[in-house]
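Step one of this worksheet: look at the structure below.
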Amino acid sequence: MFSLSKRADFKTTEHQENALDILQKVGVSVSWYDNNSGGCKGVCERIADTKILSKPFDESLLEPFKNKLENLENQNIIILHLQGSHGPTYYKRYPSAFKKFTPTCDTNELAKCSQESLMNTYDNTLLYTDFILKEIIQSLQTKTEYKTALLYVSDHGESLGENGIYLHGMPYIFAPQEQTHIPTIFWSNDSTLMQLATEHKSLKLSHDNLFSTILGFFQVSTKEYSISDDFLNKKLKVKS
């Protein structure tokens with residue numbers, strides 16, 4: 001997601017600097033706070049301010065995040081790597097207070113659950129993630145002396161029993177839309193950026209847009225930046 005390479009060109013064996021490496025080189029303070037059981041896949045290895053948690057729920061990330069907000073430098077990017085809605089134990093991803101949709105699928109043997117209960121359980125994970133995002137935005141709103149923004153992007157979607165398929169990870173060419181169509185949420189106290197995000201919200205965007213959008217937000221000048229891939233820029237061009 002932070003790679004210069006586009007999805008079609010990316011190889012897991014490649015070795016090159018990512019967007020966070022570039023930001024650090026130009027003086028942006030980079031922090032990585034992680035509660036995902038899969039870790040950071042090497043992306044955070046060169047980041048000094050890294051905290052790897054292993055807590056039951058993602059709200060554990062809010063404490064280091066809020067502490068960082070009280071110790072900001074001139075430019076900052078804070079990555080919160082959530083456990084989110086990872087399966088198959090969806091029922092373990094939220095506290096009991098967020099068990100709003102019932103019945104639920106309280107097992108990792110997903111095929112034994114009805115699709116209704118499985119979707120209810122997944123919706124509870126989304127409700128909890130909404131709560132986390134609300135807490136983040138409300139904290140950012142207090143930093144009125146900064147231009148602040150939240151960009152939430154899932155790494156993948158999830159199959160919930162449609163056509164007998166569960167979880168994710170199928171080869172991209174065969175994967176159903178449930179696994180490849182992901183949500184993106186953007187908020188900023190900058191009205192111009194909010195207007196641009198609103199104008200572009202219905203366009204066909206992807207992880208391929210992240211690299212240049214992140215660099216563009218920090219106004220990084222580099223030949224690797226592509227203005228046509230930056231979805232917070234008027235010159236964005238959507239590829240068919």
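By order in the structure tokens, chains are A, B, ...; within a chain, residues start at 1; ligands start at 1, following the order shown.
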
- DSSP says strand (DSSP E or B) for which residues of stretch 66-207 of chain A? Put them as number ranges by chain? A: 76-81, 149-153, 159-160, 166-167, 184-188

Restricting the output to N, CA, C and O atoms, write the selected residues as a PDB file, in the first residue's frame.
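Ended up saving to part01.pdb:
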ATOM      1  N   ASN A  76       3.875  15.667  10.548  1.00  0.00           N
ATOM      2  CA  ASN A  76       3.748  14.360  11.181  1.00  0.00           C
ATOM      3  C   ASN A  76       2.815  13.465  10.379  1.00  0.00           C
ATOM      4  O   ASN A  76       1.800  13.935   9.849  1.00  0.00           O
ATOM      5  N   ILE A  77       3.145  12.181  10.335  1.00  0.00           N
ATOM      6  CA  ILE A  77       2.205  11.183   9.842  1.00  0.00           C
ATOM      7  C   ILE A  77       2.191  10.041  10.859  1.00  0.00           C
ATOM      8  O   ILE A  77       3.247   9.581  11.307  1.00  0.00           O
ATOM      9  N   ILE A  78       1.001   9.643  11.251  1.00  0.00           N
ATOM     10  CA  ILE A  78       0.830   8.595  12.244  1.00  0.00           C
ATOM     11  C   ILE A  78       0.019   7.471  11.602  1.00  0.00           C
ATOM     12  O   ILE A  78      -1.126   7.682  11.192  1.00  0.00           O
ATOM     13  N   ILE A  79       0.611   6.291  11.498  1.00  0.00           N
ATOM     14  CA  ILE A  79      -0.086   5.142  10.926  1.00  0.00           C
ATOM     15  C   ILE A  79      -0.610   4.285  12.057  1.00  0.00           C
ATOM     16  O   ILE A  79       0.151   3.867  12.937  1.00  0.00           O
ATOM     17  N   LEU A  80      -1.904   4.045  12.067  1.00  0.00           N
ATOM     18  CA  LEU A  80      -2.526   3.134  13.014  1.00  0.00           C
ATOM     19  C   LEU A  80      -2.947   1.890  12.245  1.00  0.00           C
ATOM     20  O   LEU A  80      -3.852   1.951  11.407  1.00  0.00           O
ATOM     21  N   HIS A  81      -2.274   0.781  12.506  1.00  0.00           N
ATOM     22  CA  HIS A  81      -2.558  -0.468  11.796  1.00  0.00           C
ATOM     23  C   HIS A  81      -3.518  -1.289  12.637  1.00  0.00           C
ATOM     24  O   HIS A  81      -3.128  -1.947  13.596  1.00  0.00           O
ATOM     25  N   ALA A 149      -5.652  15.594   8.885  1.00  0.00           N
ATOM     26  CA  ALA A 149      -6.463  14.750   8.010  1.00  0.00           C
ATOM     27  C   ALA A 149      -6.422  13.322   8.510  1.00  0.00           C
ATOM     28  O   ALA A 149      -5.446  12.887   9.125  1.00  0.00           O
ATOM     29  N   LEU A 150      -7.478  12.607   8.257  1.00  0.00           N
ATOM     30  CA  LEU A 150      -7.530  11.168   8.463  1.00  0.00           C
ATOM     31  C   LEU A 150      -7.802  10.505   7.133  1.00  0.00           C
ATOM     32  O   LEU A 150      -8.698  10.926   6.396  1.00  0.00           O
ATOM     33  N   LEU A 151      -7.028   9.488   6.819  1.00  0.00           N
ATOM     34  CA  LEU A 151      -7.269   8.671   5.629  1.00  0.00           C
ATOM     35  C   LEU A 151      -7.348   7.226   6.086  1.00  0.00           C
ATOM     36  O   LEU A 151      -6.358   6.660   6.560  1.00  0.00           O
ATOM     37  N   TYR A 152      -8.522   6.648   5.985  1.00  0.00           N
ATOM     38  CA  TYR A 152      -8.731   5.245   6.362  1.00  0.00           C
ATOM     39  C   TYR A 152      -8.898   4.426   5.094  1.00  0.00           C
ATOM     40  O   TYR A 152      -9.754   4.720   4.257  1.00  0.00           O
ATOM     41  N   VAL A 153      -8.077   3.383   4.953  1.00  0.00           N
ATOM     42  CA  VAL A 153      -8.147   2.510   3.781  1.00  0.00           C
ATOM     43  C   VAL A 153      -7.988   1.063   4.242  1.00  0.00           C
ATOM     44  O   VAL A 153      -7.055   0.746   4.977  1.00  0.00           O
ATOM     45  N   SER A 159     -14.918 -12.009   1.823  1.00  0.00           N
ATOM     46  CA  SER A 159     -16.065 -12.805   1.388  1.00  0.00           C
ATOM     47  C   SER A 159     -16.768 -13.372   2.614  1.00  0.00           C
ATOM     48  O   SER A 159     -16.129 -13.936   3.502  1.00  0.00           O
ATOM     49  N   LEU A 160     -18.080 -13.238   2.640  1.00  0.00           N
ATOM     50  CA  LEU A 160     -18.869 -13.674   3.803  1.00  0.00           C
ATOM     51  C   LEU A 160     -19.867 -14.757   3.407  1.00  0.00           C
ATOM     52  O   LEU A 160     -21.035 -14.704   3.752  1.00  0.00           O
ATOM     53  N   TYR A 166     -15.342 -17.768   1.497  1.00  0.00           N
ATOM     54  CA  TYR A 166     -15.128 -17.067   2.759  1.00  0.00           C
ATOM     55  C   TYR A 166     -13.745 -16.408   2.779  1.00  0.00           C
ATOM     56  O   TYR A 166     -12.853 -16.778   2.024  1.00  0.00           O
ATOM     57  N   LEU A 167     -13.607 -15.414   3.662  1.00  0.00           N
ATOM     58  CA  LEU A 167     -12.333 -14.737   3.930  1.00  0.00           C
ATOM     59  C   LEU A 167     -11.814 -13.998   2.696  1.00  0.00           C
ATOM     60  O   LEU A 167     -12.576 -13.365   1.978  1.00  0.00           O
ATOM     61  N   THR A 184     -12.834   3.488   1.602  1.00  0.00           N
ATOM     62  CA  THR A 184     -11.896   4.564   1.921  1.00  0.00           C
ATOM     63  C   THR A 184     -12.683   5.693   2.570  1.00  0.00           C
ATOM     64  O   THR A 184     -13.738   6.081   2.069  1.00  0.00           O
ATOM     65  N   ILE A 185     -12.172   6.191   3.678  1.00  0.00           N
ATOM     66  CA  ILE A 185     -12.798   7.316   4.376  1.00  0.00           C
ATOM     67  C   ILE A 185     -11.750   8.415   4.512  1.00  0.00           C
ATOM     68  O   ILE A 185     -10.620   8.152   4.930  1.00  0.00           O
ATOM     69  N   PHE A 186     -12.138   9.627   4.144  1.00  0.00           N
ATOM     70  CA  PHE A 186     -11.228  10.765   4.261  1.00  0.00           C
ATOM     71  C   PHE A 186     -11.924  11.882   5.016  1.00  0.00           C
ATOM     72  O   PHE A 186     -13.085  12.183   4.777  1.00  0.00           O
ATOM     73  N   TRP A 187     -11.180  12.492   5.948  1.00  0.00           N
ATOM     74  CA  TRP A 187     -11.649  13.687   6.660  1.00  0.00           C
ATOM     75  C   TRP A 187     -10.471  14.635   6.827  1.00  0.00           C
ATOM     76  O   TRP A 187      -9.328  14.208   7.023  1.00  0.00           O
ATOM     77  N   SER A 188     -10.747  15.936   6.741  1.00  0.00           N
ATOM     78  CA  SER A 188      -9.702  16.928   6.975  1.00  0.00           C
ATOM     79  C   SER A 188     -10.336  18.214   7.486  1.00  0.00           C
ATOM     80  O   SER A 188     -11.503  18.508   7.207  1.00  0.00           O
TER      81      SER A 188
END

- Item | Residues near stretch 100-116 of chain A, cut-off 8 Å, only C-alpha atoms, skip fewer than 3 positions along chain, as a PyMOL selection string | chain A and resi 87-91+97+119-121+123-124+160-161+166

Sorted by chain and rising residue number, which residues of stretch 121-181 of chain A lie within 10 Å of stretch 51-69 of chain A, and what are their closest atom pairs and distances in Å to one decimal, counting only C-alpha atoms, as a tab-separated table?
residue	atom	partner	partner_atom	distance
A:Tyr128	CA	A:Asp58	CA	8.8
A:Thr129	CA	A:Asp58	CA	8.1
A:Phe131	CA	A:Glu59	CA	8.8
A:Ile132	CA	A:Glu59	CA	6.3
A:Leu133	CA	A:Glu59	CA	9.8
A:Glu135	CA	A:Leu62	CA	7.8
A:Ile136	CA	A:Leu62	CA	7.4
A:Ser139	CA	A:Lys66	CA	7.1
A:Leu140	CA	A:Leu69	CA	8.0
A:Thr142	CA	A:Leu69	CA	9.4
A:Lys143	CA	A:Leu69	CA	7.9

- Would you mind listing what lies within 10 Å of A:Leu193 as a list in words, with only C-alpha atoms counted and same-chain residues fewer than 2 positions away left out? Ala149, Phe186, Trp187, Ser188, Asn189, Asp190, Ser191, Gln195, Leu196, Ala197, Thr198, Glu199, Phe217, Phe231, Leu232, Asn233 and Lys234 of chain A

Print the selection's residues with all heavy atoms to a file, as a short mmCIF file (atom, residue, chain, number, x, y, z; two decimals), in the first residue's frame.
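Okay, result-v5.cif is ready:
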data_model
loop_
_atom_site.label_atom_id
_atom_site.label_comp_id
_atom_site.auth_asym_id
_atom_site.auth_seq_id
_atom_site.Cartn_x
_atom_site.Cartn_y
_atom_site.Cartn_z
N ALA A 149 -5.65 15.59 8.88
CA ALA A 149 -6.46 14.75 8.01
C ALA A 149 -6.42 13.32 8.51
O ALA A 149 -5.45 12.89 9.12
CB ALA A 149 -5.96 14.82 6.57
N PHE A 186 -12.14 9.63 4.14
CA PHE A 186 -11.23 10.76 4.26
C PHE A 186 -11.92 11.88 5.02
O PHE A 186 -13.09 12.18 4.78
CB PHE A 186 -10.79 11.27 2.89
CG PHE A 186 -9.86 12.47 2.95
CD1 PHE A 186 -8.52 12.30 3.23
CD2 PHE A 186 -10.36 13.76 2.77
CE1 PHE A 186 -7.67 13.39 3.32
CE2 PHE A 186 -9.51 14.86 2.85
CZ PHE A 186 -8.16 14.67 3.13
N TRP A 187 -11.18 12.49 5.95
CA TRP A 187 -11.65 13.69 6.66
C TRP A 187 -10.47 14.63 6.83
O TRP A 187 -9.33 14.21 7.02
CB TRP A 187 -12.20 13.33 8.05
CG TRP A 187 -12.49 14.56 8.86
CD1 TRP A 187 -13.64 15.26 8.90
CD2 TRP A 187 -11.56 15.27 9.71
NE1 TRP A 187 -13.51 16.36 9.71
CE2 TRP A 187 -12.24 16.39 10.23
CE3 TRP A 187 -10.23 15.05 10.07
CZ2 TRP A 187 -11.63 17.30 11.09
CZ3 TRP A 187 -9.62 15.97 10.93
CH2 TRP A 187 -10.32 17.07 11.43
N SER A 188 -10.75 15.94 6.74
CA SER A 188 -9.70 16.93 6.97
C SER A 188 -10.34 18.21 7.49
O SER A 188 -11.50 18.51 7.21
CB SER A 188 -8.93 17.22 5.69
OG SER A 188 -7.95 18.23 5.89
N ASN A 189 -9.55 18.98 8.24
CA ASN A 189 -10.01 20.32 8.63
C ASN A 189 -9.71 21.35 7.55
O ASN A 189 -9.98 22.53 7.73
CB ASN A 189 -9.40 20.74 9.97
CG ASN A 189 -7.87 20.87 9.92
OD1 ASN A 189 -7.24 20.66 8.87
ND2 ASN A 189 -7.27 21.22 11.04
N ASP A 190 -9.15 20.89 6.44
CA ASP A 190 -8.86 21.75 5.29
C ASP A 190 -10.04 21.65 4.31
O ASP A 190 -10.27 20.61 3.70
CB ASP A 190 -7.56 21.29 4.61
CG ASP A 190 -7.13 22.20 3.48
OD1 ASP A 190 -7.98 22.53 2.62
OD2 ASP A 190 -5.94 22.57 3.41
N SER A 191 -10.78 22.73 4.16
CA SER A 191 -12.01 22.71 3.34
C SER A 191 -11.71 22.43 1.88
O SER A 191 -12.52 21.80 1.18
CB SER A 191 -12.76 24.02 3.49
OG SER A 191 -11.95 25.13 3.08
N GLN A 195 -13.32 19.36 -0.25
CA GLN A 195 -14.05 19.58 -1.50
C GLN A 195 -13.53 18.66 -2.60
O GLN A 195 -14.30 18.05 -3.33
CB GLN A 195 -13.92 21.04 -1.93
CG GLN A 195 -14.63 21.37 -3.24
CD GLN A 195 -16.12 21.15 -3.18
OE1 GLN A 195 -16.75 21.36 -2.16
NE2 GLN A 195 -16.70 20.72 -4.29
N LEU A 196 -12.20 18.55 -2.70
CA LEU A 196 -11.61 17.67 -3.71
C LEU A 196 -11.97 16.21 -3.46
O LEU A 196 -12.31 15.47 -4.39
CB LEU A 196 -10.08 17.83 -3.73
CG LEU A 196 -9.55 19.10 -4.39
CD1 LEU A 196 -8.07 19.28 -4.08
CD2 LEU A 196 -9.77 19.05 -5.91
N ALA A 197 -11.91 15.79 -2.20
CA ALA A 197 -12.28 14.42 -1.87
C ALA A 197 -13.74 14.14 -2.22
O ALA A 197 -14.07 13.07 -2.74
CB ALA A 197 -12.03 14.16 -0.39
N THR A 198 -14.59 15.11 -1.97
CA THR A 198 -16.01 14.97 -2.30
C THR A 198 -16.21 14.84 -3.81
O THR A 198 -16.99 14.02 -4.29
CB THR A 198 -16.81 16.16 -1.75
OG1 THR A 198 -16.65 16.23 -0.35
CG2 THR A 198 -18.29 16.02 -2.09
N GLU A 199 -15.48 15.67 -4.57
CA GLU A 199 -15.59 15.62 -6.03
C GLU A 199 -15.12 14.29 -6.59
O GLU A 199 -15.62 13.83 -7.63
CB GLU A 199 -14.77 16.76 -6.64
CG GLU A 199 -15.34 18.15 -6.38
CD GLU A 199 -14.43 19.26 -6.90
OE1 GLU A 199 -13.40 18.93 -7.54
OE2 GLU A 199 -14.73 20.44 -6.65
N PHE A 217 0.05 15.31 -0.18
CA PHE A 217 -0.45 15.97 1.03
C PHE A 217 0.67 16.72 1.74
O PHE A 217 0.47 17.83 2.25
CB PHE A 217 -1.06 14.93 1.97
CG PHE A 217 -1.60 15.52 3.25
CD1 PHE A 217 -2.89 16.03 3.31
CD2 PHE A 217 -0.83 15.56 4.41
CE1 PHE A 217 -3.39 16.58 4.48
CE2 PHE A 217 -1.32 16.10 5.58
CZ PHE A 217 -2.60 16.62 5.62
N PHE A 231 -5.33 11.69 -5.50
CA PHE A 231 -6.77 11.94 -5.51
C PHE A 231 -7.17 13.16 -4.69
O PHE A 231 -8.36 13.48 -4.58
CB PHE A 231 -7.58 10.70 -5.09
CG PHE A 231 -7.41 10.21 -3.68
CD1 PHE A 231 -7.92 10.92 -2.61
CD2 PHE A 231 -6.79 9.00 -3.43
CE1 PHE A 231 -7.81 10.45 -1.32
CE2 PHE A 231 -6.67 8.52 -2.13
CZ PHE A 231 -7.19 9.25 -1.07
N LEU A 232 -6.19 13.87 -4.14
CA LEU A 232 -6.46 15.17 -3.50
C LEU A 232 -5.93 16.31 -4.34
O LEU A 232 -5.65 17.39 -3.84
CB LEU A 232 -5.85 15.19 -2.10
CG LEU A 232 -6.42 14.19 -1.10
CD1 LEU A 232 -5.68 14.25 0.23
CD2 LEU A 232 -7.92 14.43 -0.88
N ASN A 233 -5.83 16.07 -5.65
CA ASN A 233 -5.35 17.07 -6.58
C ASN A 233 -6.33 17.20 -7.75
O ASN A 233 -6.89 16.20 -8.21
CB ASN A 233 -3.95 16.71 -7.11
CG ASN A 233 -3.29 17.87 -7.81
OD1 ASN A 233 -3.67 18.29 -8.89
ND2 ASN A 233 -2.25 18.42 -7.17
N LYS A 234 -6.54 18.42 -8.21
CA LYS A 234 -7.47 18.66 -9.32
C LYS A 234 -7.06 17.97 -10.60
O LYS A 234 -7.88 17.73 -11.49
CB LYS A 234 -7.63 20.16 -9.56
CG LYS A 234 -8.36 20.92 -8.46
CD LYS A 234 -8.50 22.38 -8.80
CE LYS A 234 -9.27 23.14 -7.71
NZ LYS A 234 -9.43 24.57 -8.04
#

- Where does DSSP see alpha helix (DSSP H) in stretch 17-176 of chain A, if you list the residues as a PyMOL selection string? chain A and resi 19-25+62-69+115-141

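Each of A:Ser117, A:Thr180, A:Ser206, A:Gln24 was checked against A:Phe218 using only C-alpha atoms; the smallest atom-to-atom distance is that of A:Gln24.
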
- Note on the structure: What separates atom CA of A:Thr148 and atom CA of A:Ala19 is a distance of 18.4 Å

- Write out as a PyMOL selection string each polymer residue whose atoms come within 10 Å of A:Arg7, counting only C-alpha atoms; drop sequence neighbours fewer than 2 positions from it. chain A and resi 1+3-5+9-11+172+206-208
